[in-house]
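Containing compact mmCIF, C-alpha atoms: upload.txt.
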```txt
# COMPACT_ATOMS: atom_id res chain seq x y z
CA MET W 1 92.36 102.64 60.25
CA SER W 2 91.51 104.57 63.39
CA ASN W 3 94.11 105.77 65.83
CA THR W 4 92.68 105.50 69.35
CA SER W 5 95.79 106.56 71.23
CA GLY W 6 95.34 109.50 73.58
CA THR W 7 94.59 112.91 72.14
CA SER W 8 97.43 114.52 74.11
CA ASP W 9 99.98 113.17 71.65
CA ASP W 10 98.09 114.61 68.69
CA ARG W 11 97.64 117.94 70.46
CA SER W 12 101.25 118.28 71.56
CA GLU W 13 102.41 117.34 68.06
CA GLU W 14 100.27 120.07 66.52
CA ARG W 15 101.56 122.62 69.02
CA ARG W 16 105.13 121.91 68.00
CA GLY W 17 106.64 123.62 64.97
CA GLY W 18 108.51 121.94 62.14
CA ALA W 19 107.31 118.48 61.20
CA GLY W 20 104.18 118.77 63.37
CA SER W 21 103.05 121.92 61.54
CA VAL W 22 103.70 120.34 58.16
CA GLN W 23 101.71 117.26 59.21
CA SER W 24 98.79 119.45 60.28
CA VAL W 25 98.76 121.13 56.86
CA ASP W 26 98.97 117.74 55.16
CA ARG W 27 96.01 116.48 57.20
CA ALA W 28 93.94 119.57 56.38
CA VAL W 29 94.57 119.09 52.67
CA SER W 30 93.69 115.41 53.04
CA VAL W 31 90.35 116.38 54.60
CA LEU W 32 89.54 118.52 51.56
CA GLU W 33 90.48 115.66 49.25
CA ILE W 34 88.33 113.22 51.26
CA LEU W 35 85.30 115.51 51.04
CA ALA W 36 85.93 116.08 47.33
CA ARG W 37 85.89 112.30 46.81
CA LEU W 38 83.00 111.39 49.11
CA GLY W 39 80.84 114.47 48.74
CA GLU W 40 80.14 114.56 52.48
CA ALA W 41 81.41 112.79 55.58
CA GLY W 42 81.12 112.88 59.36
CA VAL W 43 83.91 113.29 61.91
CA THR W 44 84.11 109.55 62.58
CA GLU W 45 84.49 108.75 58.90
CA ILE W 46 87.09 111.47 58.36
CA SER W 47 89.13 110.47 61.41
CA ALA W 48 89.17 106.87 60.14
CA GLU W 49 90.31 107.98 56.71
CA LEU W 50 93.09 110.11 58.23
CA GLY W 51 94.06 107.54 60.86
CA VAL W 52 93.78 110.06 63.70
CA HIS W 53 91.66 110.46 66.83
CA LYS W 54 88.23 112.03 66.35
CA SER W 55 89.22 115.06 68.41
CA THR W 56 92.09 115.78 65.98
CA ALA W 57 89.78 115.47 62.99
CA PHE W 58 87.28 117.75 64.71
CA ARG W 59 89.95 120.44 65.31
CA ILE W 60 91.06 120.32 61.67
CA LEU W 61 87.45 120.59 60.49
CA GLY W 62 86.91 123.52 62.84
CA VAL W 63 89.80 125.45 61.30
CA LEU W 64 88.66 124.68 57.76
CA GLU W 65 85.09 125.64 58.63
CA GLY W 66 86.30 128.91 60.09
CA ARG W 67 87.93 129.76 56.75
CA GLY W 68 84.85 128.77 54.76
CA LEU W 69 86.59 125.80 53.15
CA VAL W 70 84.16 123.28 54.63
CA GLU W 71 80.58 123.61 55.85
CA GLN W 72 78.47 121.40 58.11
CA GLU W 73 74.97 120.09 57.58
CA LYS W 74 73.77 120.83 61.11
CA GLU W 75 70.98 118.26 61.35
CA ARG W 76 73.07 115.27 60.28
CA GLY W 77 76.48 116.55 61.33
CA LYS W 78 77.98 115.82 57.92
CA TYR W 79 80.69 118.04 56.46
CA TYR W 80 81.06 119.04 52.81
CA LEU W 81 83.25 121.42 50.79
CA GLY W 82 82.38 125.06 51.42
CA SER W 83 82.09 128.14 49.24
CA GLY W 84 85.66 129.12 50.11
CA VAL W 85 86.92 126.32 47.89
CA LEU W 86 84.92 127.73 45.00
CA ARG W 87 86.41 131.16 45.69
CA LEU W 88 89.94 129.78 45.52
CA ALA W 89 89.17 127.69 42.47
CA GLY W 90 87.63 130.71 40.76
CA ALA W 91 90.72 132.82 41.44
CA ALA W 92 92.95 130.10 40.02
CA ALA W 93 90.73 129.74 36.97
CA ILE W 94 90.85 133.48 36.32
CA ARG W 95 94.63 133.46 36.49
CA LEU W 96 94.81 130.53 34.08
CA ASP W 97 92.30 132.18 31.74
CA ILE W 98 94.06 135.55 31.69
CA SER W 99 97.37 133.80 30.98
CA GLN W 100 95.89 131.87 28.08
CA GLU W 101 93.83 134.70 26.60
CA GLY W 102 96.50 137.29 27.31
CA GLN W 103 99.32 135.69 25.35
CA PRO W 104 98.39 136.98 21.87
CA VAL W 105 97.32 140.36 23.25
CA CYS W 106 100.58 140.80 25.16
CA ARG W 107 102.57 139.78 22.07
CA ALA W 108 100.64 142.23 19.88
CA LEU W 109 101.22 145.09 22.34
CA ALA W 110 104.96 144.37 22.39
CA ASP W 111 105.05 144.32 18.59
CA ASP W 112 103.01 147.53 18.40
CA THR W 113 105.17 149.51 20.83
CA GLY W 114 108.53 147.81 20.37
CA GLU W 115 108.89 147.69 24.15
CA THR W 116 108.46 144.98 26.77
CA ALA W 117 104.79 144.20 27.44
CA ASN W 118 103.62 142.63 30.69
CA ILE W 119 100.42 141.32 32.24
CA ALA W 120 100.24 141.44 36.03
CA VAL W 121 97.70 140.29 38.62
CA LEU W 122 97.30 141.03 42.30
CA ASP W 123 99.14 138.68 44.64
CA GLY W 124 98.40 139.69 48.22
CA ASP W 125 100.09 143.04 48.74
CA ALA W 126 102.08 142.99 45.50
CA ALA W 127 101.66 142.61 41.75
CA VAL W 128 103.03 139.50 40.07
CA ASN W 129 103.87 139.39 36.37
CA ILE W 130 102.31 136.34 34.72
CA MET W 131 102.99 137.17 31.06
CA GLN W 132 105.79 138.96 29.21
CA ALA W 133 106.64 139.68 25.59
CA ARG W 134 109.53 141.70 24.21
CA GLY W 135 109.25 144.09 21.29
CA ALA W 136 111.88 144.70 18.65
CA ALA W 137 113.23 147.79 20.41
CA ALA W 138 113.57 146.17 23.85
CA VAL W 139 117.17 146.60 24.92
CA THR W 140 117.22 144.44 28.02
CA ALA W 141 116.95 140.72 28.52
CA TYR W 142 115.64 141.23 32.06
CA ASN W 143 112.89 138.75 32.83
CA TRP W 144 109.94 140.16 34.81
CA LEU W 145 107.98 136.92 34.54
CA GLY W 146 106.96 135.65 37.98
CA ARG W 147 108.46 138.64 39.77
CA ARG W 148 106.44 140.22 42.58
CA THR W 149 106.63 144.00 42.38
CA PRO W 150 105.44 146.71 44.80
CA LEU W 151 102.02 148.18 44.11
CA HIS W 152 102.98 151.79 44.80
CA ALA W 153 106.06 151.88 42.56
CA THR W 154 104.83 150.19 39.37
CA ALA W 155 102.25 151.13 36.75
CA SER W 156 100.51 147.75 36.94
CA GLY W 157 100.56 147.93 40.72
CA LYS W 158 98.93 151.35 40.76
CA VAL W 159 96.17 150.11 38.45
CA LEU W 160 95.47 147.10 40.66
CA LEU W 161 95.67 149.20 43.83
CA ALA W 162 93.36 151.89 42.45
CA HIS W 163 90.58 149.39 41.78
CA LEU W 164 90.65 147.65 45.15
CA PRO W 165 87.74 148.14 47.58
CA GLN W 166 88.25 151.36 49.53
CA GLU W 167 89.02 149.76 52.90
CA ARG W 168 91.59 147.38 51.43
CA ARG W 169 93.11 150.16 49.31
CA GLU W 170 93.47 152.48 52.28
CA SER W 171 95.14 149.80 54.39
CA LEU W 172 97.82 149.47 51.70
CA VAL W 173 98.14 153.18 50.95
CA THR W 174 98.59 154.22 54.59
CA ARG W 175 101.21 151.63 55.53
CA LYS W 176 104.95 152.36 55.21
CA LEU W 177 105.81 152.76 51.54
CA PRO W 178 109.39 151.64 50.80
CA ARG W 179 111.56 154.00 48.76
CA PHE W 180 113.36 152.45 45.78
CA THR W 181 114.56 155.62 44.03
CA ALA W 182 114.37 159.37 44.56
CA HIS W 183 111.15 159.33 42.48
CA THR W 184 109.27 156.69 44.51
CA LEU W 185 106.01 157.87 46.04
CA THR W 186 106.34 157.38 49.79
CA THR W 187 103.44 159.42 51.17
CA ALA W 188 99.80 158.40 51.27
CA ALA W 189 98.67 161.75 49.89
CA ALA W 190 100.90 161.55 46.82
CA LEU W 191 99.91 157.96 46.13
CA ARG W 192 96.20 158.70 46.58
CA ALA W 193 96.46 161.51 44.00
CA GLN W 194 97.95 159.14 41.43
CA LEU W 195 95.38 156.44 42.17
CA THR W 196 92.59 158.98 41.63
CA ALA W 197 94.20 159.96 38.34
CA ALA W 198 94.44 156.30 37.35
CA LEU W 199 90.70 155.86 37.92
CA GLU W 200 89.87 159.02 35.97
CA ASP W 201 92.31 158.45 33.08
CA GLY W 202 91.90 154.69 32.74
CA PHE W 203 95.63 154.03 33.04
CA ALA W 204 98.61 154.59 35.34
CA CYS W 205 102.22 155.60 34.72
CA THR W 206 105.51 155.39 36.58
CA GLY W 207 108.63 157.39 35.97
CA GLU W 208 111.76 155.80 37.42
CA GLU W 209 109.90 154.95 40.64
CA LEU W 210 111.04 151.34 40.91
CA GLU W 211 114.35 151.55 39.06
CA ILE W 212 116.32 154.51 37.71
CA GLY W 213 116.02 154.60 33.95
CA LEU W 214 112.77 152.57 33.80
CA ASN W 215 109.37 154.02 32.87
CA ALA W 216 106.08 152.17 32.44
CA VAL W 217 102.37 152.50 31.68
CA ALA W 218 99.50 150.07 32.35
CA ALA W 219 95.73 149.78 32.01
CA PRO W 220 93.13 147.62 33.80
CA VAL W 221 91.89 144.25 32.52
CA ARG W 222 88.33 143.34 33.50
CA ALA W 223 86.47 140.07 33.98
CA HIS W 224 82.99 139.40 32.60
CA ASP W 225 81.41 141.13 35.61
CA GLY W 226 83.53 144.27 35.26
CA ALA W 227 85.86 143.50 38.17
CA VAL W 228 89.49 144.42 37.55
CA ILE W 229 91.47 141.18 37.51
CA GLY W 230 94.77 142.33 36.07
CA ALA W 231 96.75 145.03 34.31
CA ILE W 232 98.50 145.09 30.95
CA GLY W 233 101.09 147.61 29.87
CA VAL W 234 104.57 148.29 28.62
CA SER W 235 107.85 149.24 30.24
CA GLY W 236 111.09 150.47 28.79
CA PRO W 237 114.10 152.76 29.17
CA ALA W 238 113.30 156.31 30.23
CA TYR W 239 115.44 157.78 27.44
CA ARG W 240 113.12 156.19 24.87
CA MET W 241 109.85 156.05 26.83
CA GLU W 242 110.05 159.75 27.63
CA ARG W 243 107.34 161.24 29.82
CA GLY W 244 105.92 163.11 26.84
CA LEU W 245 105.37 159.80 25.04
CA LEU W 246 103.71 158.01 27.95
CA PRO W 247 100.14 159.17 27.10
CA GLU W 248 100.46 157.67 23.59
CA LEU W 249 101.84 154.40 24.98
CA ALA W 250 99.10 154.44 27.61
CA GLU W 251 96.47 154.75 24.84
CA ARG W 252 97.91 151.66 23.16
CA SER W 253 97.91 149.84 26.50
CA VAL W 254 94.27 150.80 27.05
CA LYS W 255 93.36 149.34 23.65
CA ALA W 256 95.18 146.12 24.57
CA ALA W 257 93.36 146.06 27.92
CA VAL W 258 90.00 146.50 26.19
CA GLU W 259 90.80 143.61 23.84
CA LEU W 260 91.90 141.32 26.67
CA SER W 261 88.86 142.30 28.74
CA ARG W 262 86.66 141.39 25.77
CA ARG W 263 88.38 138.00 25.59
CA MET W 264 87.65 137.56 29.31
CA GLY W 265 83.94 138.13 28.65
CA TYR W 266 83.59 141.83 29.52
CA THR W 267 81.17 143.65 27.22
CA GLY W 268 80.86 147.00 28.98
```
Could you take the file, read its structure, and then write that structure out as structure tokens?
Amino acid sequence: MSNTSGTSDDRSEERRGGAGSVQSVDRAVSVLEILARLGEAGVTEISAELGVHKSTAFRILGVLEGRGLVEQEKERGKYYLGSGVLRLAGAAAIRLDISQEGQPVCRALADDTGETANIAVLDGDAAVNIMQARGAAAVTAYNWLGRRTPLHATASGKVLLAHLPQERRESLVTRKLPRFTAHTLTTAAALRAQLTAALEDGFACTGEELEIGLNAVAAPVRAHDGAVIGAIGVSGPAYRMERGLLPELAERSVKAAVELSRRMGYTG
């Protein structure tokens, strides 16, 4: 059903916040679903499917094309799903895979160390914990699962930050670094030094940088192509995970990271 009412109503609706913005997002998602179902479609066909004026459909397609989510066959004017959709789908698949493959590895690391083991992945400008297992010695019932944590104040975050492309890493290192405790690294120079050490050592540590009394270690998890897609490590009370013991716990975390990387297809 085609809506042939004037385009001014559509345009003014999309300029407004609230319900208009939500409707624009809903229409954009609908366009992706239409192209997934049909394979390809022109503006006229898409506008009919959406029930909007052609100019509205064209604007939505323009935004999606700008983000690489749709592409246009120039000669025939047909649109189809772009490589950006594959990029998003690939990222989702990696997260699902690392969750599935990481469960036994995370559990084994917790049993081996007696502490709380976590697997984290990058989520924008933070690390998010997607897997957790508690060892026999874990004294807290605190749940890190699903929690977004700062990159500069956590062991997993430092691992993920260290392996980012240089330009992206620098943009995060040189921004304002919030202080959580007296031990938090809040200068770019100090953070850079630890990121360099993380690359050289193959692991990262934190000593009461996010919370007083909490220490942690983590090592990088790699995909089949060698790209770092996550971090696995352990955290626990500083009185038990003393700084002198962190290298040994880091070695165990590295072994767990190697095993999980192998499960993810990395053979290097």
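With all atoms listed in the file as the basis for measurement, W:Met131 is the residue among W:Ala189, W:Leu177, W:Met131, W:Ala126 that approaches Val105 in chain W most closely.
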Non-local contacts of range 173-176 of chain W (10 Å; only C-alpha atoms; under 2 positions in same chain excluded) as a ChimeraX atom specification: /W:151-152,161-162,167-171,178-179,186-192,195
Near-range 206-212 of chain W list (12 Å; only C-alpha atoms; drop same-chain fewer than 2 positions) as a PyMOL selection string: chain W and resi 149-159+177-186+191+194-195+198+203-204+214-218+233-239+241-247+250
Please dump the current selection as a JSON list (two decimals), keeping the file's coordinate frame; keep C-alpha atoms.
```
[["chain", "number", "residue", "atom", "x", "y", "z"],
["W", 149, "THR", "CA", 106.63, 144.00, 42.38],
["W", 150, "PRO", "CA", 105.44, 146.71, 44.80],
["W", 151, "LEU", "CA", 102.02, 148.18, 44.11],
["W", 152, "HIS", "CA", 102.98, 151.79, 44.80],
["W", 153, "ALA", "CA", 106.06, 151.88, 42.56],
["W", 154, "THR", "CA", 104.83, 150.19, 39.37],
["W", 155, "ALA", "CA", 102.25, 151.13, 36.75],
["W", 156, "SER", "CA", 100.51, 147.75, 36.94],
["W", 157, "GLY", "CA", 100.56, 147.93, 40.72],
["W", 158, "LYS", "CA", 98.93, 151.35, 40.76],
["W", 159, "VAL", "CA", 96.17, 150.11, 38.45],
["W", 177, "LEU", "CA", 105.81, 152.76, 51.54],
["W", 178, "PRO", "CA", 109.39, 151.64, 50.80],
["W", 179, "ARG", "CA", 111.56, 154.00, 48.76],
["W", 180, "PHE", "CA", 113.36, 152.45, 45.78],
["W", 181, "THR", "CA", 114.56, 155.62, 44.03],
["W", 182, "ALA", "CA", 114.37, 159.37, 44.56],
["W", 183, "HIS", "CA", 111.15, 159.33, 42.48],
["W", 184, "THR", "CA", 109.27, 156.69, 44.51],
["W", 185, "LEU", "CA", 106.01, 157.87, 46.04],
["W", 186, "THR", "CA", 106.34, 157.38, 49.79],
["W", 191, "LEU", "CA", 99.91, 157.96, 46.13],
["W", 194, "GLN", "CA", 97.95, 159.14, 41.43],
["W", 195, "LEU", "CA", 95.38, 156.44, 42.17],
["W", 198, "ALA", "CA", 94.44, 156.30, 37.35],
["W", 203, "PHE", "CA", 95.63, 154.03, 33.04],
["W", 204, "ALA", "CA", 98.61, 154.59, 35.34],
["W", 214, "LEU", "CA", 112.77, 152.57, 33.80],
["W", 215, "ASN", "CA", 109.37, 154.02, 32.87],
["W", 216, "ALA", "CA", 106.08, 152.17, 32.44],
["W", 217, "VAL", "CA", 102.37, 152.50, 31.68],
["W", 218, "ALA", "CA", 99.50, 150.07, 32.35],
["W", 233, "GLY", "CA", 101.09, 147.61, 29.87],
["W", 234, "VAL", "CA", 104.57, 148.29, 28.62],
["W", 235, "SER", "CA", 107.85, 149.24, 30.24],
["W", 236, "GLY", "CA", 111.09, 150.47, 28.79],
["W", 237, "PRO", "CA", 114.10, 152.76, 29.17],
["W", 238, "ALA", "CA", 113.30, 156.31, 30.23],
["W", 239, "TYR", "CA", 115.44, 157.78, 27.44],
["W", 241, "MET", "CA", 109.85, 156.05, 26.83],
["W", 242, "GLU", "CA", 110.05, 159.75, 27.63],
["W", 243, "ARG", "CA", 107.34, 161.24, 29.82],
["W", 244, "GLY", "CA", 105.92, 163.11, 26.84],
["W", 245, "LEU", "CA", 105.37, 159.80, 25.04],
["W", 246, "LEU", "CA", 103.71, 158.01, 27.95],
["W", 247, "PRO", "CA", 100.14, 159.17, 27.10],
["W", 250, "ALA", "CA", 99.10, 154.44, 27.61]]
```
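Pairwise distance (CA of Arg59 in chain W, CA of Asp26 in chain W) equals 13.8 Å.
Ranking W:Ala28, W:Met264, W:Ala133, W:Cys205 by their shortest atom-to-atom distance to Asp225 in chain W, with all atoms listed in the file included, puts W:Met264 first.
The coordinates place CA of Val70 in chain W at 20.2 Å from CA of Ser21 in chain W.
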Residue nearest Gly146 in chain W among W:Pro165, W:Ser83, W:Tyr266, W:Asn118 (counting only C-alpha atoms): W:Asn118
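You can rank W:Ile130, W:Leu249, W:Ile60, W:Leu172 by their closest distance to Asp112 in chain W using only C-alpha atoms, and at the top of that list sits W:Leu249.
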Nearby residues (only C-alpha atoms) at most 9 Å from Gly268 in chain W, same-chain spacing under 3 positions excluded, as a PyMOL selection string: chain W and resi 224-226+262
6 Å contact set for Asn129 in chain W, all atoms listed in the file, chain neighbours under 3 positions out, as a list in words: Ile119, Ala120, Leu145, Gly146 and Arg147 of chain W
Residue nearest Ala227 in chain W among W:Gln23, W:Thr196, W:Ser261, W:Thr116 (counting only C-alpha atoms): W:Ser261
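As for CA of Gly114 in chain W and CA of Glu200 in chain W, they are spaced 26.8 Å apart.
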Expected residue set, 10 Å radius at (85.2, 127.0, 56.4), only C-alpha atoms, as a list in words: Leu61, Gly62, Val63, Leu64, Glu65, Gly66, Arg67, Gly68, Leu69, Val70, Glu71, Gln72, Tyr80, Leu81, Gly82, Ser83, Gly84 and Val85 of chain W
Now that the selection is made, can you save its residues with C-alpha atoms as an mmCIF file, in the frame of the given file?
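result-v8.cif written:
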```cif
data_model
loop_
_atom_site.group_PDB
_atom_site.id
_atom_site.type_symbol
_atom_site.label_atom_id
_atom_site.label_comp_id
_atom_site.auth_asym_id
_atom_site.auth_seq_id
_atom_site.Cartn_x
_atom_site.Cartn_y
_atom_site.Cartn_z
ATOM 1 C CA LEU W 61 87.450 120.590 60.490
ATOM 2 C CA GLY W 62 86.910 123.520 62.840
ATOM 3 C CA VAL W 63 89.800 125.450 61.300
ATOM 4 C CA LEU W 64 88.660 124.680 57.760
ATOM 5 C CA GLU W 65 85.090 125.640 58.630
ATOM 6 C CA GLY W 66 86.300 128.910 60.090
ATOM 7 C CA ARG W 67 87.930 129.760 56.750
ATOM 8 C CA GLY W 68 84.850 128.770 54.760
ATOM 9 C CA LEU W 69 86.590 125.800 53.150
ATOM 10 C CA VAL W 70 84.160 123.280 54.630
ATOM 11 C CA GLU W 71 80.580 123.610 55.850
ATOM 12 C CA GLN W 72 78.470 121.400 58.110
ATOM 13 C CA TYR W 80 81.060 119.040 52.810
ATOM 14 C CA LEU W 81 83.250 121.420 50.790
ATOM 15 C CA GLY W 82 82.380 125.060 51.420
ATOM 16 C CA SER W 83 82.090 128.140 49.240
ATOM 17 C CA GLY W 84 85.660 129.120 50.110
ATOM 18 C CA VAL W 85 86.920 126.320 47.890
#
```
Can you check which parts of range 68-140 of chain W lie within 7 Å of range 37-46 of chain W? Per residue, the shortest pair of atoms and distance in Å to one decimal, counting all atoms listed in the file, sorted by chain and number, as a tab-separated table.
```
residue	atom	partner	partner_atom	distance
W:Gly77	CA	W:Gly42	CA	6.2
W:Lys78	CA	W:Gly42	CA	4.5
W:Tyr79	CA	W:Glu40	CA	5.3
W:Tyr80	CA	W:Glu40	CA	4.6
```
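With all atoms listed in the file as the atoms that count, the residue of W:Ala256, W:Ala117, W:Ser30, W:Ala36 with the shortest distance to Ala48 in chain W is W:Ser30.
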